[in-house]
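Asks: Contents of coords15.txt (compact mmCIF, C-alpha atoms and all ligand atoms) are below:
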# COMPACT_ATOMS: atom_id res chain seq x y z
CA MET Y 97 106.27 115.25 117.31
CA PRO Y 98 109.75 113.89 117.05
CA VAL Y 99 110.96 113.40 113.51
CA VAL Y 100 112.65 110.02 113.16
CA LYS Y 101 114.68 108.41 110.41
CA VAL Y 102 113.50 104.82 110.41
CA LYS Y 103 116.22 102.51 109.13
CA ASP Y 104 115.75 99.12 107.50
CA ASP Y 105 118.13 96.14 107.28
CA HIS Y 106 119.69 97.66 104.14
CA GLY Y 107 120.53 100.89 105.94
CA LYS Y 108 117.89 102.84 103.98
CA THR Y 109 116.00 105.40 106.03
CA MET Y 110 112.52 106.84 105.79
CA THR Y 111 111.73 110.13 107.50
CA LEU Y 112 108.57 109.91 109.61
CA ARG Y 113 107.07 111.32 112.78
CA GLU Y 114 106.70 109.16 115.84
CA VAL Y 115 103.95 109.74 118.35
CA GLU Y 116 102.64 107.45 121.06
CA GLY Y 117 104.78 104.66 119.58
CA CYS Y 118 103.21 105.01 116.10
CA TYR Y 119 104.63 106.33 112.88
CA LEU Y 120 102.83 109.14 111.09
CA PRO Y 121 103.75 110.99 107.90
CA LEU Y 122 105.27 114.44 108.03
CA ILE Y 123 102.18 116.53 107.53
CA ARG Y 124 102.78 120.22 106.95
CA VAL Y 125 100.31 122.18 109.06
CA PRO Y 126 100.30 125.75 110.34
CA TYR Y 127 99.79 124.90 114.04
CA ASP Y 128 101.40 122.85 116.79
CA GLN Y 129 100.62 119.45 115.42
CA GLU Y 130 101.85 117.50 118.41
CA GLU Y 131 99.73 119.47 120.86
CA GLU Y 132 96.62 119.09 118.69
CA PHE Y 133 97.21 115.42 118.00
CA LEU Y 134 97.80 114.51 121.63
CA GLY Y 135 94.72 116.46 122.71
CA ARG Y 136 92.44 114.89 120.10
CA MET Y 137 90.98 112.12 122.26
CA ASP Y 138 88.45 114.51 123.78
CA TRP Y 139 87.47 116.18 120.49
CA THR Y 140 83.72 116.49 119.98
CA ALA Y 141 81.97 114.42 117.35
CA ARG Y 142 78.53 115.06 115.84
CA PRO Y 143 76.00 112.25 115.41
CA ASP Y 144 75.92 112.76 111.63
CA ASP Y 145 79.70 112.61 111.19
CA ILE Y 146 80.93 109.96 108.78
CA LEU Y 147 84.36 108.46 109.15
CA ILE Y 148 86.07 106.83 106.19
CA CYS Y 149 88.72 104.53 107.58
CA ALA Y 150 91.40 102.72 105.59
CA TYR Y 151 95.05 101.82 105.58
CA PRO Y 152 96.87 104.25 103.24
CA LYS Y 153 96.64 103.58 99.49
CA SER Y 154 93.40 101.60 99.74
CA GLY Y 155 91.22 104.04 97.81
CA THR Y 156 90.44 106.65 100.46
CA HIS Y 157 90.40 109.59 98.01
CA TRP Y 158 87.98 107.75 95.73
CA VAL Y 159 85.53 106.74 98.44
CA TRP Y 160 85.70 110.12 100.16
CA GLU Y 161 84.69 111.79 96.91
CA ILE Y 162 81.81 109.34 96.35
CA VAL Y 163 80.48 109.76 99.90
CA CYS Y 164 80.63 113.57 99.67
CA MET Y 165 78.64 113.46 96.41
CA LEU Y 166 76.03 111.11 97.85
CA LEU Y 167 75.46 113.34 100.85
CA ASN Y 168 75.27 116.41 98.65
CA GLY Y 169 72.80 114.61 96.38
CA ASN Y 170 74.67 115.59 93.23
CA ALA Y 171 77.67 114.52 91.20
CA GLU Y 172 79.61 117.76 91.45
CA ARG Y 173 83.28 117.65 92.28
CA ILE Y 174 84.41 118.96 95.64
CA HIS Y 175 87.25 121.39 95.15
CA LEU Y 176 88.96 120.44 98.32
CA MET Y 177 91.78 118.07 99.07
CA LYS Y 178 90.84 114.95 101.00
CA GLU Y 179 93.62 115.88 103.43
CA MET Y 180 91.56 118.92 104.54
CA ALA Y 181 89.10 116.45 106.07
CA MET Y 182 91.64 114.01 107.45
CA LEU Y 183 91.40 113.60 111.20
CA GLU Y 184 95.14 113.48 111.82
CA CYS Y 185 95.74 116.60 109.67
CA LEU Y 186 93.19 118.72 111.51
CA SER Y 187 93.28 120.92 114.57
CA ARG Y 188 90.37 120.92 116.99
CA SER Y 189 89.22 124.31 115.74
CA ALA Y 190 89.44 123.24 112.08
CA LEU Y 191 87.32 120.19 112.86
CA ASP Y 192 84.81 122.26 114.83
CA SER Y 193 84.45 124.79 112.04
CA MET Y 194 83.52 122.22 109.35
CA THR Y 195 79.89 122.25 108.25
CA SER Y 196 77.68 119.21 108.80
CA PRO Y 197 77.47 116.52 107.73
CA ARG Y 198 81.22 116.16 108.04
CA VAL Y 199 82.78 113.50 105.83
CA LEU Y 200 86.04 112.77 107.62
CA ASN Y 201 88.73 110.30 106.73
CA THR Y 202 91.57 108.74 108.63
CA HIS Y 203 94.28 106.10 108.53
CA LEU Y 204 94.35 105.87 112.32
CA TYR Y 205 93.66 102.67 114.20
CA PHE Y 206 90.25 102.33 115.85
CA GLY Y 207 91.62 103.01 119.34
CA GLN Y 208 93.29 106.23 118.14
CA ILE Y 209 90.00 107.80 117.12
CA PRO Y 210 88.48 110.29 119.59
CA GLU Y 211 86.13 108.55 122.01
CA ASP Y 212 83.16 110.81 121.20
CA PHE Y 213 82.96 109.29 117.67
CA ARG Y 214 82.16 105.99 119.36
CA GLN Y 215 79.76 107.45 121.90
CA LYS Y 216 77.80 109.32 119.21
CA LYS Y 217 77.62 106.13 117.08
CA CYS Y 218 79.05 107.87 114.02
CA LYS Y 219 78.90 105.85 110.82
CA VAL Y 220 82.12 104.22 109.68
CA VAL Y 221 82.97 103.30 106.08
CA TYR Y 222 85.88 100.85 106.16
CA ILE Y 223 87.84 100.13 102.96
CA LEU Y 224 90.00 97.11 102.23
CA ARG Y 225 92.39 96.57 99.32
CA ASN Y 226 94.65 93.70 98.35
CA PRO Y 227 97.79 94.35 100.44
CA ARG Y 228 100.02 93.44 97.49
CA ASP Y 229 98.58 96.34 95.48
CA VAL Y 230 98.72 98.49 98.61
CA ALA Y 231 102.45 97.69 98.97
CA VAL Y 232 103.18 98.68 95.36
CA SER Y 233 101.13 101.85 95.64
CA PHE Y 234 102.78 102.79 98.96
CA PHE Y 235 106.25 102.09 97.51
CA ASN Y 236 105.60 104.60 94.73
CA HIS Y 237 104.20 107.05 97.26
CA HIS Y 238 107.23 106.73 99.53
CA THR Y 239 109.80 107.02 96.75
CA ARG Y 240 108.06 109.95 95.04
CA LEU Y 241 106.97 112.18 97.93
CA LEU Y 242 110.06 114.16 98.90
CA ASP Y 243 109.28 114.48 102.62
CA TYR Y 244 110.04 110.80 103.17
CA GLU Y 245 113.61 111.19 101.85
CA TYR Y 246 113.42 107.50 100.97
CA SER Y 247 115.61 105.97 98.30
CA GLY Y 248 115.21 102.21 98.75
CA ASP Y 249 114.38 99.96 95.83
CA TRP Y 250 111.41 97.61 95.61
CA HIS Y 251 113.35 94.62 96.97
CA GLN Y 252 114.47 96.61 99.98
CA TYR Y 253 111.01 98.07 100.43
CA LEU Y 254 108.80 94.97 100.58
CA PRO Y 255 110.25 93.67 103.90
CA ARG Y 256 109.93 97.20 105.31
CA PHE Y 257 106.26 97.28 104.31
CA ILE Y 258 105.62 93.86 105.86
CA GLU Y 259 107.37 94.84 109.10
CA GLY Y 260 105.48 98.12 109.25
CA LYS Y 261 108.45 100.48 109.20
CA VAL Y 262 106.23 102.98 107.38
CA ASP Y 263 103.66 105.56 108.41
CA TYR Y 264 100.68 103.93 110.17
CA GLY Y 265 102.70 100.74 110.72
CA SER Y 266 101.97 97.34 109.30
CA TRP Y 267 98.99 96.62 107.05
CA PHE Y 268 98.57 93.33 108.93
CA ASP Y 269 98.36 95.04 112.34
CA TYR Y 270 95.99 97.63 110.93
CA VAL Y 271 93.45 95.18 109.50
CA MET Y 272 93.60 92.91 112.55
CA ASP Y 273 93.07 95.90 114.83
CA TRP Y 274 90.06 97.06 112.85
CA GLU Y 275 88.62 93.61 112.57
CA ASN Y 276 88.93 93.06 116.31
CA ALA Y 277 87.40 96.47 116.91
CA MET Y 278 84.47 95.73 114.59
CA ASN Y 279 83.84 92.43 116.36
CA ARG Y 280 84.01 94.04 119.81
CA ASN Y 281 82.37 97.33 119.10
CA GLN Y 282 78.61 97.39 118.97
CA LEU Y 283 78.32 101.15 118.76
CA ASN Y 284 79.42 102.32 115.35
CA PRO Y 285 77.37 101.19 112.35
CA THR Y 286 80.03 100.05 109.90
CA HIS Y 287 79.98 99.48 106.15
CA VAL Y 288 82.83 97.43 104.70
CA LEU Y 289 83.77 97.75 101.05
CA THR Y 290 86.72 96.71 98.95
CA TYR Y 291 88.69 98.54 96.30
CA GLU Y 292 88.29 95.50 94.05
CA ASP Y 293 84.47 95.50 94.34
CA LEU Y 294 84.44 99.21 93.54
CA GLN Y 295 86.42 98.48 90.39
CA LYS Y 296 84.20 95.53 89.46
CA ASP Y 297 80.80 97.19 89.79
CA CYS Y 298 81.07 100.75 90.97
CA VAL Y 299 77.39 101.61 90.43
CA LYS Y 300 76.34 98.72 92.64
CA GLU Y 301 78.81 99.73 95.35
CA VAL Y 302 77.68 103.36 95.21
CA GLY Y 303 74.10 102.11 95.68
CA ARG Y 304 75.10 100.00 98.68
CA LEU Y 305 76.91 102.97 100.18
CA ALA Y 306 73.89 105.20 99.61
CA THR Y 307 71.63 102.73 101.43
CA PHE Y 308 74.04 102.56 104.36
CA LEU Y 309 74.30 106.35 104.53
CA LYS Y 310 70.54 106.78 104.09
CA ALA Y 311 71.37 109.01 101.15
CA GLU Y 312 69.57 107.09 98.43
CA GLY Y 313 69.25 108.67 94.99
CA THR Y 314 68.24 107.66 91.51
CA ALA Y 315 70.09 105.18 89.34
CA SER Y 316 71.13 108.04 87.10
CA LEU Y 317 72.66 109.91 90.08
CA TYR Y 318 74.71 106.82 90.94
CA GLN Y 319 75.87 106.56 87.33
CA ASP Y 320 76.79 110.26 87.26
CA ILE Y 321 78.79 109.87 90.46
CA VAL Y 322 80.64 106.89 89.02
CA ASN Y 323 81.44 108.88 85.87
CA GLN Y 324 82.66 111.89 87.82
CA CYS Y 325 84.82 109.71 90.06
CA ASN Y 326 86.36 107.88 87.17
CA PHE Y 327 90.11 107.51 87.75
CA LYS Y 328 91.24 109.49 84.70
CA LYS Y 329 88.89 112.32 85.51
CA MET Y 330 89.93 112.47 89.15
CA LYS Y 331 93.59 112.37 88.20
CA LYS Y 332 93.20 115.20 85.74
CA GLU Y 333 91.19 117.41 88.05
CA LYS Y 334 92.79 116.62 91.39
CA ASP Y 335 96.46 116.61 90.49
CA PRO Y 336 96.50 120.39 90.07
CA LEU Y 337 95.25 120.71 93.65
CA GLU Y 338 98.32 118.89 94.91
CA ASP Y 339 101.47 120.84 95.59
CA ALA Y 340 103.71 119.61 92.79
CA THR Y 341 106.85 120.83 94.59
CA GLU Y 342 106.30 118.15 97.25
CA TRP Y 343 106.80 115.44 94.61
CA LYS Y 344 109.84 114.11 92.80
CA ASP Y 345 110.34 115.84 89.44
CA ASP Y 346 107.39 118.13 90.32
CA GLN Y 347 105.01 115.33 89.25
CA PRO Y 348 102.11 114.77 91.71
CA GLY Y 349 101.58 111.06 92.25
CA MET Y 350 98.52 110.56 94.43
CA TYR Y 351 96.64 109.26 91.38
CA ARG Y 352 99.01 106.72 89.90
CA LYS Y 353 97.54 103.77 87.96
CA GLY Y 354 94.21 103.08 89.63
CA ILE Y 355 93.98 99.41 88.70
CA VAL Y 356 93.59 96.01 90.36
CA GLY Y 357 96.51 93.59 90.20
CA ASP Y 358 99.45 95.86 89.37
CA TRP Y 359 101.36 93.89 92.02
CA LYS Y 360 101.88 91.13 89.46
CA ASN Y 361 104.21 93.51 87.60
CA TRP Y 362 106.33 94.00 90.72
CA PHE Y 363 106.43 90.84 92.85
CA THR Y 364 108.87 88.11 91.88
CA VAL Y 365 107.67 84.52 92.36
CA ALA Y 366 109.84 84.28 95.49
CA GLN Y 367 108.40 87.51 96.90
CA SER Y 368 104.90 86.31 96.17
CA ASP Y 369 105.50 82.98 97.96
CA MET Y 370 107.04 84.77 100.92
CA PHE Y 371 104.15 87.23 101.09
CA ASN Y 372 101.58 84.42 100.96
CA THR Y 373 103.27 82.69 103.88
CA VAL Y 374 103.32 85.88 105.94
CA TYR Y 375 99.71 86.63 105.00
CA ARG Y 376 98.45 83.21 106.08
CA GLU Y 377 100.36 83.34 109.35
CA ARG Y 378 99.46 86.90 110.32
CA LEU Y 379 95.80 86.68 109.34
CA LYS Y 380 95.04 83.11 110.28
CA ASN Y 381 92.21 84.13 112.62
CA THR Y 382 90.61 86.66 110.35
CA VAL Y 383 87.14 86.66 108.85
CA LEU Y 384 87.79 89.46 106.39
CA PRO Y 385 85.08 89.77 103.75
CA ALA Y 386 87.61 89.42 100.94
CA PRO Y 387 90.53 87.28 102.00
CA TYR Y 388 93.46 88.24 99.84
CA ASP Y 389 95.35 85.05 100.46
CA GLN Y 390 96.81 84.77 96.97
P1 LIG F 1 97.63 103.15 92.78
O1 LIG F 1 98.88 103.73 93.37
O2 LIG F 1 97.65 101.65 92.76
O3 LIG F 1 97.28 103.72 91.46
P2 LIG F 1 94.40 106.43 98.78
O4 LIG F 1 93.40 107.36 98.24
O5 LIG F 1 93.88 105.62 99.93
O6 LIG F 1 95.70 107.11 99.07
O7 LIG F 1 94.68 105.34 97.65
C1 LIG F 1 95.42 105.69 96.52
C2 LIG F 1 95.24 104.61 95.47
O8 LIG F 1 93.90 104.67 94.96
C3 LIG F 1 96.17 104.81 94.29
O9 LIG F 1 96.43 103.51 93.77
C4 LIG F 1 95.31 105.67 93.39
O10 LIG F 1 95.72 105.71 92.05
C5 LIG F 1 93.97 104.94 93.56
N1 LIG F 1 92.81 105.77 93.16
C6 LIG F 1 92.55 107.05 93.49
N2 LIG F 1 91.42 107.48 92.91
C7 LIG F 1 90.94 106.44 92.20
C8 LIG F 1 89.80 106.27 91.35
N3 LIG F 1 88.95 107.25 91.13
N4 LIG F 1 89.62 105.06 90.77
C9 LIG F 1 90.49 104.05 90.98
N5 LIG F 1 91.59 104.15 91.77
C10 LIG F 1 91.82 105.34 92.37
Just give me the structure of the file as structure tokens.
Replies:
Amino acid sequence: MPVVKVKDDHGKTMTLREVEGCYLPLIRVPYDQEEEFLGRMDWTARPDDILICAYPKSGTHWVWEIVCMLLNGNAERIHLMKEMAMLECLSRSALDSMTSPRVLNTHLYFGQIPEDFRQKKCKVVYILRNPRDVAVSFFNHHTRLLDYEYSGDWHQYLPRFIEGKVDYGSWFDYVMDWENAMNRNQLNPTHVLTYEDLQKDCVKEVGRLATFLKAEGTASLYQDIVNQCNFKKMKKEKDPLEDATEWKDDQPGMYRKGIVGDWKNWFTVAQSDMFNTVYRERLKNTVLPAPYDQ
């Protein structure tokens, strides 16, 4: 996949991969990534596969961990990186060799997912998060992960985020694409949840997820899962799994703050007004379950 240096209006570049007109992150894998990625559309799904789908920085690690625990019926940590079950980081043989039920995750658009996942009616868990918090989280991700070679500041970054000059493109395009797909697509049973609802009442959300997955457990199991997936605990236990050398100052940053509303510490009033205008214009036809219009 061609490596591209995507420039913004300030002349700042971000190093990404471009494939089929989309930007992807530079993922380090020991096989021909382009060949595998381009061949993925005919990969074989299994009826009990679960796909966790979200724009980056929406809480994918958190939900992936919860879903794995629910399916395992216990609150034990999985000593695996979420990236090992990420569709766009896998080869066909790696996917085929995973044991069932496979809890996969992806930031791809609906149309980029192999067709067999639709035909086999695999369950989809779709996560939404306030795009302002997503922008702040992604900014920290882009400035701290060395592969991006990105040195813009927050003021230079926000327009880049809105335009989608980042891996997986624009948040607005992503959510509109998924919403259109969910309205059109009658095949995949889909459960929508938000990062904010998870923060507000995690036990309730774990219960809702369990019902959707037909993996119901006791109230005490749900509570144990919530405790195990607590942000501080996950940060402490997962950071060592990350390759510190990939991060600025050798400090892994996948688990940063884990709160709702950090955007208020970053957006100026002018940026907030501008973002609200863009939001209303770009999502005027949406029926998102949690409209983040302010
Ligand atoms: P912040 O950068 O705002 O802290 P993803 O997993 O999709 O990449 O999302 C990453 C975001 O989810 C980060 O947000 C990260 O800190 C947060 N996160 C990860 N695990 C979490 C948890 N257990 N509880 C709350 N937030 C979590």
Asks: Would you tabulate, counting only C-alpha atoms and all ligand atoms, all residues of chain Y that have an atom at most 8 Å from an atom of ligand LIG 1 (chain F), showing the closest pair of atoms and their distance in Å to one decimal, sorted by chain then ascending number, as CSV?
Replies:
residue,atom,partner,partner_atom,distance
Y:Ala150,CA,F:LIG1,O5,6.8
Y:Tyr151,CA,F:LIG1,O5,6.9
Y:Pro152,CA,F:LIG1,O5,4.7
Y:Lys153,CA,F:LIG1,O7,3.2
Y:Ser154,CA,F:LIG1,O5,4.1
Y:Gly155,CA,F:LIG1,O7,3.7
Y:Thr156,CA,F:LIG1,O5,3.6
Y:His157,CA,F:LIG1,O4,3.7
Y:Trp158,CA,F:LIG1,N2,4.5
Y:Val159,CA,F:LIG1,O4,7.9
Y:Asp229,CA,F:LIG1,O2,6.0
Y:Val230,CA,F:LIG1,O2,6.7
Y:Val232,CA,F:LIG1,O2,6.8
Y:Ser233,CA,F:LIG1,O1,3.7
Y:Phe234,CA,F:LIG1,O1,6.9
Y:Asn236,CA,F:LIG1,O1,6.9
Y:His237,CA,F:LIG1,O1,7.4
Y:Tyr291,CA,F:LIG1,N5,7.8
Y:Gln295,CA,F:LIG1,C9,6.9
Y:Cys325,CA,F:LIG1,N3,4.9
Y:Asn326,CA,F:LIG1,N3,4.8
Y:Phe327,CA,F:LIG1,N3,3.6
Y:Lys328,CA,F:LIG1,N3,7.2
Y:Lys329,CA,F:LIG1,N3,7.6
Y:Met330,CA,F:LIG1,N3,5.7
Y:Lys331,CA,F:LIG1,N2,7.1
Y:Gly349,CA,F:LIG1,O1,7.9
Y:Met350,CA,F:LIG1,C4,5.9
Y:Tyr351,CA,F:LIG1,O10,3.7
Y:Arg352,CA,F:LIG1,O3,3.8
Y:Lys353,CA,F:LIG1,O3,3.5
Y:Gly354,CA,F:LIG1,N5,3.5
Y:Ile355,CA,F:LIG1,O2,5.9
Y:Val356,CA,F:LIG1,O2,7.4
Y:Asp358,CA,F:LIG1,O2,6.9
Asks: State, in Å with one decimal place, the distance from atom CA of Asp369 of chain Y to atom CA of Phe268 of chain Y.
Replies: 16.6 Å
Asks: Pull the neighbourhood of (111.4, 116.3, 118.5) for me: all residues within 12 Å in file coordinates, counting all atoms listed in the file, as an MDAnalysis selection string.
Replies: chainID Y and resid 97:101 112:115 129:130
Asks: Would you mind listing, for every residue of segment 106-179 of chain Y within 10 Å of segment 250-254 of chain Y, the two atoms forming the shortest contact and the distance between them in Å to one decimal, using only C-alpha atoms, sorted by chain and ascending residue number, as JSON lines?
Replies:
{"residue": "Y:His106", "atom": "CA", "partner": "Y:Gln252", "partner_atom": "CA", "distance": 6.8}
{"residue": "Y:Gly107", "atom": "CA", "partner": "Y:Gln252", "partner_atom": "CA", "distance": 9.5}
{"residue": "Y:Lys108", "atom": "CA", "partner": "Y:Gln252", "partner_atom": "CA", "distance": 8.2}
Asks: Pick from Y:Asp105, Y:Glu333, Y:Asp192, Y:Glu161: nearest to Arg142 of chain Y, with all atoms listed in the file counted?
Replies: Y:Asp192
Asks: With distances taken over all atoms listed in the file, which of Y:Leu283, Y:Leu191, Y:Ile258, Y:Ala311 is nearest to Arg214 of chain Y?
Replies: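 Closest to Arg214 of chain Y, using all atoms listed in the file: Y:Leu283.
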Asks: Any idea what's packed within 6 Å of segment 196-205 of chain Y, counting only C-alpha atoms, ignoring anything in its chain fewer than 2 positions away? Could you give it as a compact mmCIF listing (two decimals) with C-alpha atoms, in the frame of the given file?
Replies:
# COMPACT_ATOMS: atom_id res chain seq x y z
CA ASP Y 144 75.92 112.76 111.63
CA ASP Y 145 79.70 112.61 111.19
CA ILE Y 146 80.93 109.96 108.78
CA LEU Y 147 84.36 108.46 109.15
CA ILE Y 148 86.07 106.83 106.19
CA CYS Y 149 88.72 104.53 107.58
CA ALA Y 150 91.40 102.72 105.59
CA TYR Y 151 95.05 101.82 105.58
CA ALA Y 181 89.10 116.45 106.07
CA MET Y 182 91.64 114.01 107.45
CA LEU Y 183 91.40 113.60 111.20
CA GLY Y 207 91.62 103.01 119.34
CA GLN Y 208 93.29 106.23 118.14
Asks: Would you work out the distance separating atom CA of Gln347 of chain Y from atom CA of Arg240 of chain Y, expressed in Å to one decimal?
Replies: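 Separation of atom CA of Gln347 of chain Y and atom CA of Arg240 of chain Y: 8.5 Å.
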Asks: Determine the nearest neighbour of Trp359 of chain Y from the options Y:Leu379, Y:Leu176, Y:Cys298, Y:Ala231, counting only C-alpha atoms.
Replies: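 The shortest atom-to-atom distance to Trp359 of chain Y comes from Y:Ala231.
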Asks: Ranking Y:Val365, Y:Leu166, Y:Ile209, Y:Met194 by minimum distance to Gly303 of chain Y and counting all atoms listed in the file, which one comes first?
Replies: Y:Leu166
Asks: Enclose segment 223-229 of chain Y, meaning all of its atoms listed in the file, in a box aligned along x, y and z, pad it by 3 Å on each side, and list the centre and edge lengths in Å to one decimal, as JSON.
Replies:
{"center_x": 93.9, "center_y": 96.8, "center_z": 99.2, "size_x": 18.2, "size_y": 12.7, "size_z": 13.5}
Asks: For Arg256 of chain Y, work out the shell of residues within 9 Å, counting only C-alpha atoms and skipping chain neighbours fewer than 4 positions away, then give it as a PyMOL selection string.
Replies: chain Y and resi 104-105+252+260-262+266
Asks: For atom CA of Ala306 of chain Y and atom CA of Lys178 of chain Y, determine how far apart the two atoms are, in Å to one decimal place.
Replies: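 Computed distance, atom CA of Ala306 of chain Y to atom CA of Lys178 of chain Y, equals 19.6 Å.
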Asks: Around (76.4, 103.7, 105.8) in the file's own coordinates, what residues are found within 9 Å if you use all atoms listed in the file, given back as a list in words?
Replies: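 Residues found, by chain and rising number: Ile146, Lys219, Val220, Val221, Pro285, Thr286, His287, Arg304, Leu305, Ala306, Thr307, Phe308, Leu309, Lys310 and Ala311 of chain Y.
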Asks: Taking only C-alpha atoms into account, name the residue in Y:Ser368, Y:Thr314, Y:Ser193, Y:Gln215 that is nearest to Ala141 of chain Y.
Replies: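 Closest residue, counting only C-alpha atoms: Y:Gln215.
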Asks: Measuring between only C-alpha atoms, which one of Y:Asp389, Y:Glu377, Y:Glu132, Y:Asp320 shows the shortest distance to Gly169 of chain Y?
Replies: Y:Asp320
Asks: Tell me, as number ranges by chain, which residues lie within 7 Å of Leu241 of chain Y, counting all atoms listed in the file; anything in the same chain fewer than 6 positions away does not count.
Replies: Y: 342-344
